[in-house]
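K.L.:
My file is input.txt. It has compact mmCIF, C-alpha atoms:
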# COMPACT_ATOMS: atom_id res chain seq x y z
CA MET A 1 -15.14 -15.49 0.28
CA THR A 2 -11.70 -17.05 -0.14
CA LEU A 3 -8.69 -14.74 0.04
CA THR A 4 -5.94 -15.59 -2.46
CA VAL A 5 -3.08 -13.79 -4.16
CA GLU A 6 -5.46 -13.35 -7.11
CA SER A 7 -8.15 -11.54 -5.07
CA LYS A 8 -8.74 -7.93 -6.09
CA LEU A 9 -10.83 -4.98 -4.91
CA ALA A 10 -12.32 -2.24 -7.04
CA LEU A 11 -11.12 1.28 -6.27
CA ASN A 12 -13.35 4.33 -6.55
CA ASP A 13 -11.56 5.44 -9.73
CA GLY A 14 -12.23 2.25 -11.68
CA GLN A 15 -8.84 0.62 -11.05
CA PHE A 16 -8.40 -2.68 -9.20
CA ILE A 17 -5.94 -3.38 -6.39
CA PRO A 18 -4.72 -6.89 -5.51
CA GLN A 19 -5.91 -7.67 -2.02
CA LEU A 20 -2.63 -9.25 -0.89
CA GLY A 21 0.70 -7.54 -1.32
CA LEU A 22 4.32 -7.54 -0.23
CA GLY A 23 5.62 -4.44 1.55
CA VAL A 24 9.38 -3.90 1.51
CA TRP A 25 9.71 -1.51 4.45
CA GLN A 26 13.06 -1.97 6.24
CA THR A 27 14.21 -4.39 3.54
CA ARG A 28 17.79 -3.63 2.63
CA ALA A 29 18.22 -2.47 -0.97
CA GLY A 30 20.08 -4.85 -3.24
CA ALA A 31 20.12 -8.62 -3.21
CA MET A 32 17.91 -9.02 -0.14
CA CYS A 33 15.12 -6.84 -1.49
CA GLU A 34 15.34 -8.28 -4.99
CA ALA A 35 15.18 -11.83 -3.63
CA ALA A 36 12.13 -11.01 -1.50
CA VAL A 37 10.26 -9.42 -4.40
CA LEU A 38 11.15 -12.26 -6.76
CA ALA A 39 10.00 -14.85 -4.21
CA ALA A 40 6.69 -13.03 -3.77
CA LEU A 41 6.14 -12.79 -7.51
CA GLU A 42 7.01 -16.47 -7.97
CA ALA A 43 4.45 -17.29 -5.27
CA GLY A 44 1.80 -15.46 -7.28
CA TYR A 45 1.78 -12.05 -5.61
CA ARG A 46 1.09 -9.18 -8.00
CA HIS A 47 1.18 -6.25 -5.59
CA ILE A 48 4.47 -4.73 -4.38
CA ASP A 49 4.49 -1.79 -1.95
CA THR A 50 7.55 0.45 -1.66
CA ALA A 51 8.23 4.12 -0.87
CA ALA A 52 10.82 6.81 -1.42
CA LEU A 53 11.66 6.58 2.28
CA TYR A 54 12.51 2.88 2.06
CA GLY A 55 15.46 3.47 -0.26
CA ASN A 56 14.81 0.31 -2.26
CA GLU A 57 12.76 1.43 -5.26
CA GLU A 58 15.63 0.55 -7.62
CA SER A 59 15.71 -2.99 -6.24
CA VAL A 60 11.95 -3.37 -6.61
CA GLY A 61 12.11 -2.28 -10.23
CA ALA A 62 15.06 -4.57 -10.96
CA ALA A 63 13.30 -7.59 -9.45
CA ILE A 64 10.14 -6.95 -11.42
CA ARG A 65 12.11 -6.78 -14.66
CA GLU A 66 14.08 -9.89 -13.75
CA SER A 67 10.85 -11.80 -13.06
CA GLY A 68 9.83 -11.59 -16.70
CA ILE A 69 6.25 -10.87 -15.68
CA PRO A 70 4.72 -8.11 -17.83
CA ARG A 71 4.73 -4.78 -15.99
CA GLU A 72 0.99 -4.31 -16.55
CA GLN A 73 0.30 -7.44 -14.51
CA ILE A 74 1.98 -6.07 -11.38
CA PHE A 75 0.45 -3.41 -9.13
CA VAL A 76 3.18 -1.14 -7.74
CA THR A 77 2.70 1.39 -4.95
CA THR A 78 5.17 4.06 -3.89
CA LYS A 79 4.83 7.08 -1.63
CA LEU A 80 5.61 10.79 -1.31
CA TRP A 81 7.93 11.37 1.64
CA ASN A 82 7.53 14.25 4.11
CA SER A 83 10.52 16.25 2.89
CA ASP A 84 9.33 16.16 -0.74
CA HIS A 85 6.03 17.99 -0.37
CA GLY A 86 7.53 21.12 -1.90
CA ASN A 87 7.58 19.42 -5.30
CA PRO A 88 5.57 16.16 -5.51
CA GLU A 89 6.01 15.99 -9.28
CA ARG A 90 9.79 15.97 -8.96
CA ALA A 91 9.53 13.40 -6.17
CA LEU A 92 7.47 11.04 -8.29
CA GLU A 93 9.76 11.51 -11.28
CA THR A 94 12.67 10.52 -9.03
CA SER A 95 10.81 7.40 -7.90
CA LEU A 96 9.93 6.50 -11.49
CA ARG A 97 13.54 6.95 -12.55
CA LYS A 98 14.69 4.59 -9.81
CA LEU A 99 12.00 2.04 -10.63
CA LYS A 100 12.60 2.54 -14.37
CA PHE A 101 8.85 2.76 -14.93
CA ASP A 102 6.76 5.34 -16.74
CA HIS A 103 4.01 5.21 -14.11
CA VAL A 104 3.05 3.69 -10.77
CA ASP A 105 -0.29 2.11 -10.06
CA LEU A 106 -0.78 3.90 -6.75
CA TYR A 107 0.94 6.99 -5.35
CA LEU A 108 0.30 7.83 -1.70
CA ILE A 109 0.99 10.79 0.57
CA HIS A 110 3.02 8.88 3.16
CA TYR A 111 2.09 10.99 6.20
CA PRO A 112 -0.36 13.86 6.76
CA VAL A 113 2.19 16.67 7.06
CA ARG A 114 1.23 20.34 7.02
CA GLN A 115 1.43 20.72 3.23
CA ARG A 116 -0.80 17.70 2.57
CA ARG A 117 -3.66 19.62 0.96
CA GLN A 118 -1.41 21.43 -1.51
CA SER A 119 0.33 18.15 -2.26
CA TRP A 120 -3.01 16.48 -2.92
CA ARG A 121 -3.67 18.95 -5.71
CA ALA A 122 -0.27 18.05 -7.17
CA LEU A 123 -1.17 14.35 -7.00
CA GLU A 124 -4.40 15.08 -8.86
CA ALA A 125 -2.32 16.61 -11.65
CA LEU A 126 0.04 13.62 -11.69
CA ARG A 127 -2.89 11.28 -12.04
CA ALA A 128 -4.26 13.38 -14.91
CA LYS A 129 -0.87 13.06 -16.64
CA GLY A 130 -0.91 9.28 -16.26
CA LYS A 131 2.11 9.22 -13.96
CA ALA A 132 0.00 7.57 -11.24
CA ARG A 133 -3.01 5.44 -12.14
CA SER A 134 -4.53 5.95 -8.68
CA ILE A 135 -3.76 8.33 -5.83
CA GLY A 136 -4.34 8.06 -2.13
CA VAL A 137 -3.05 8.72 1.35
CA SER A 138 -1.43 6.88 4.22
CA ASN A 139 -1.66 7.25 7.99
CA PHE A 140 -4.56 9.71 7.69
CA THR A 141 -7.04 9.95 10.55
CA ILE A 142 -10.72 10.83 10.24
CA ARG A 143 -9.83 14.48 10.88
CA HIS A 144 -7.24 14.55 8.14
CA LEU A 145 -9.62 12.93 5.66
CA THR A 146 -12.48 15.23 6.59
CA GLU A 147 -10.33 18.30 5.99
CA LEU A 148 -9.10 16.96 2.66
CA LEU A 149 -12.53 15.95 1.41
CA ALA A 150 -13.87 19.42 2.16
CA GLU A 151 -11.43 20.88 -0.39
CA THR A 152 -11.39 18.38 -3.24
CA ASN A 153 -13.65 16.56 -5.64
CA THR A 154 -11.11 13.74 -5.95
CA ILE A 155 -11.72 11.23 -3.19
CA PRO A 156 -8.57 9.29 -2.24
CA ALA A 157 -8.72 5.78 -3.65
CA VAL A 158 -6.88 4.35 -0.64
CA ASN A 159 -5.97 5.20 2.94
CA GLN A 160 -3.14 2.89 4.01
CA VAL A 161 -2.85 2.52 7.79
CA GLU A 162 -1.63 0.00 10.33
CA PHE A 163 -4.58 -2.28 10.98
CA HIS A 164 -4.75 -5.66 12.72
CA PRO A 165 -6.48 -7.27 15.72
CA TYR A 166 -4.31 -5.26 18.13
CA LEU A 167 -4.93 -1.97 16.35
CA TYR A 168 -8.48 -2.32 15.09
CA GLN A 169 -9.48 1.14 13.88
CA ARG A 170 -13.19 0.46 13.44
CA ASP A 171 -14.30 4.11 13.30
CA LEU A 172 -11.77 4.86 10.57
CA LEU A 173 -12.76 1.71 8.67
CA ASP A 174 -16.43 2.73 8.75
CA PHE A 175 -15.64 6.33 7.78
CA CYS A 176 -13.67 5.19 4.74
CA ALA A 177 -16.27 2.62 3.72
CA ARG A 178 -19.02 5.25 3.69
CA ARG A 179 -16.93 7.34 1.30
CA ALA A 180 -15.76 4.54 -1.00
CA ILE A 181 -12.16 4.85 0.24
CA VAL A 182 -10.43 1.49 0.47
CA LEU A 183 -8.73 1.12 3.85
CA GLU A 184 -5.51 -0.75 3.16
CA ALA A 185 -3.92 -2.55 6.10
CA TYR A 186 -0.16 -2.49 6.50
CA SER A 187 1.54 -4.82 8.97
CA PRO A 188 -1.62 -6.98 9.21
CA LEU A 189 0.51 -9.66 10.88
CA THR A 190 1.75 -7.12 13.48
CA LYS A 191 5.26 -7.25 11.96
CA GLY A 192 5.42 -10.75 13.44
CA ALA A 193 5.48 -9.34 16.97
CA ARG A 194 2.25 -10.99 18.16
CA LEU A 195 2.16 -14.20 16.16
CA LYS A 196 3.00 -16.24 19.26
CA ASP A 197 0.49 -14.48 21.50
CA PRO A 198 -1.24 -17.36 23.35
CA LYS A 199 -4.68 -15.88 22.71
CA LEU A 200 -4.00 -15.53 18.99
CA VAL A 201 -2.52 -19.03 18.80
CA ALA A 202 -5.59 -20.45 20.53
CA ILE A 203 -7.92 -18.67 18.11
CA ALA A 204 -5.86 -19.87 15.14
CA LYS A 205 -6.03 -23.46 16.36
CA LYS A 206 -9.78 -23.23 16.87
CA TYR A 207 -10.71 -21.46 13.66
CA SER A 208 -7.77 -22.24 11.35
CA GLN A 209 -8.12 -19.79 8.41
CA ALA A 210 -11.00 -17.87 9.98
CA GLY A 211 -8.90 -14.79 10.73
CA VAL A 212 -7.77 -14.46 7.14
CA GLU A 213 -11.28 -15.14 5.88
CA ARG A 214 -12.69 -12.42 8.13
CA ALA A 215 -10.12 -10.01 6.76
CA ALA A 216 -11.21 -10.94 3.24
CA ARG A 217 -14.86 -10.38 4.06
CA SER A 218 -14.01 -6.99 5.55
CA ARG A 219 -12.64 -6.08 2.11
CA LEU A 220 -9.26 -4.86 3.29
CA PRO A 221 -6.19 -5.07 1.09
CA LEU A 222 -3.40 -6.50 3.22
CA VAL A 223 0.21 -5.45 2.72
CA ASP A 224 2.53 -7.62 4.79
CA ARG A 225 5.85 -5.97 5.53
CA LEU A 226 9.31 -7.44 5.78
CA SER A 227 11.08 -6.02 8.80
CA GLN A 228 14.60 -7.48 8.68
CA ARG A 229 17.41 -5.03 8.04
CA SER A 230 19.98 -7.58 6.93
Just give me the structure of the file as structure tokens.
P.N.:
Amino acid sequence: MTLTVESKLALNDGQFIPQLGLGVWQTRAGAMCEAAVLAALEAGYRHIDTAALYGNEESVGAAIRESGIPREQIFVTTKLWNSDHGNPERALETSLRKLKFDHVDLYLIHYPVRQRRQSWRALEALRAKGKARSIGVSNFTIRHLTELLAETNTIPAVNQVEFHPYLYQRDLLDFCARRAIVLEAYSPLTKGARLKDPKLVAIAKKYSQAGVERAARSRLPLVDRLSQRS
């Protein structure tokens, strides 16, 4: 199986998520963020991952409009921040206003804070209203997912977590796979921190694209994150 910017995975709600995406965490709002998103779109990426916390939703929306690519061809993720669990609907409306969109393709609970189960019910309502095509969670452990699944008939479409060779969460991957939850890997390139690790370099030289191909076969969406602040 060859992994390309056109590769997609089916979600448990019938939607499809591009398997490669650009995450804009720690990417300064404004020209830097817009340039990064435009470059990714020009390279063929059709999956952009932002969040209320990142403070750059306006820039993401502006870049998508500037690209001239029809909105329906781009998969956009944003996230509910911890301080907004009191009113997830208002939080999403704020994100949509900044993006200048009428919906997002995926809305995630960013972290499993105390109010997560009540917020999940709010996300179910937002999906029913068409404000979010798919809903999911981020940074949830097996315990968090087990608790949530015991109280809902809506299985999260995605659990986005840090996942790479140095943080290989096999038990969580298997748990999600058994329940048709796509485990989405953020920082799959370790934020660049380990790219010069001699062991990793040796493996790359020996197997070339094998690491990427194994990731593709494991059916993980990969969201690479920019980490420069300026």
K.L.:
So, with only C-alpha atoms as the atoms that count, which of A:Glu66, A:Ala132, A:Trp81, A:Phe75 lies closest to Ala51 in chain A?
P.N.:
A:Trp81
K.L.:
I need every residue sitting at most 6 Å from the point (-1.6, 6.3, -6.7) (coordinates as in the file, all atoms listed in the file considered), written as a list in words.
P.N.:
Asp105, Leu106, Tyr107, Leu108, Ala132, Arg133, Ser134, Ile135 and Gly136 of chain A
K.L.:
Quick one: residues within 12 Å of Asn87 in chain A, all atoms listed in the file, excluding same-chain residues fewer than 2 positions away - as a PDB file with C-alpha atoms, in the frame of the given file?
P.N.:
ATOM      1  CA  LEU A  80       5.610  10.790  -1.310  1.00  0.00           C
ATOM      2  CA  TRP A  81       7.930  11.370   1.640  1.00  0.00           C
ATOM      3  CA  ASN A  82       7.530  14.250   4.110  1.00  0.00           C
ATOM      4  CA  SER A  83      10.520  16.250   2.890  1.00  0.00           C
ATOM      5  CA  ASP A  84       9.330  16.160  -0.740  1.00  0.00           C
ATOM      6  CA  HIS A  85       6.030  17.990  -0.370  1.00  0.00           C
ATOM      7  CA  GLU A  89       6.010  15.990  -9.280  1.00  0.00           C
ATOM      8  CA  ARG A  90       9.790  15.970  -8.960  1.00  0.00           C
ATOM      9  CA  ALA A  91       9.530  13.400  -6.170  1.00  0.00           C
ATOM     10  CA  LEU A  92       7.470  11.040  -8.290  1.00  0.00           C
ATOM     11  CA  GLU A  93       9.760  11.510 -11.280  1.00  0.00           C
ATOM     12  CA  THR A  94      12.670  10.520  -9.030  1.00  0.00           C
ATOM     13  CA  GLN A 115       1.430  20.720   3.230  1.00  0.00           C
ATOM     14  CA  ARG A 116      -0.800  17.700   2.570  1.00  0.00           C
ATOM     15  CA  GLN A 118      -1.410  21.430  -1.510  1.00  0.00           C
ATOM     16  CA  SER A 119       0.330  18.150  -2.260  1.00  0.00           C
ATOM     17  CA  TRP A 120      -3.010  16.480  -2.920  1.00  0.00           C
ATOM     18  CA  ARG A 121      -3.670  18.950  -5.710  1.00  0.00           C
ATOM     19  CA  ALA A 122      -0.270  18.050  -7.170  1.00  0.00           C
ATOM     20  CA  LEU A 123      -1.170  14.350  -7.000  1.00  0.00           C
ATOM     21  CA  LEU A 126       0.040  13.620 -11.690  1.00  0.00           C
TER      22      LEU A 126
END
K.L.:
So how far away is CA of Glu184 in chain A from CA of Ile69 in chain A, in Å?
P.N.:
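Spanning CA of Ile69 in chain A to CA of Glu184 in chain A is a straight-line distance of 24.4 Å.
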K.L.:
Give me, please, the distance in Å between CA of Ile48 in chain A and CA of Arg179 in chain A, quoted to one decimal.
P.N.:
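Distance between the two atoms: 25.2 Å.
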K.L.:
Would you compute the distance between CA of Val76 in chain A and CA of Arg114 in chain A? Give it in Å to one decimal.
P.N.:
26.1 Å
K.L.:
Rank nothing, just name the residue among A:Leu53, A:Gln169, A:Pro156, A:Arg65 nearest to Ile181 in chain A, using all atoms listed in the file.
P.N.:
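Of all the options, A:Pro156 lies closest to Ile181 in chain A.
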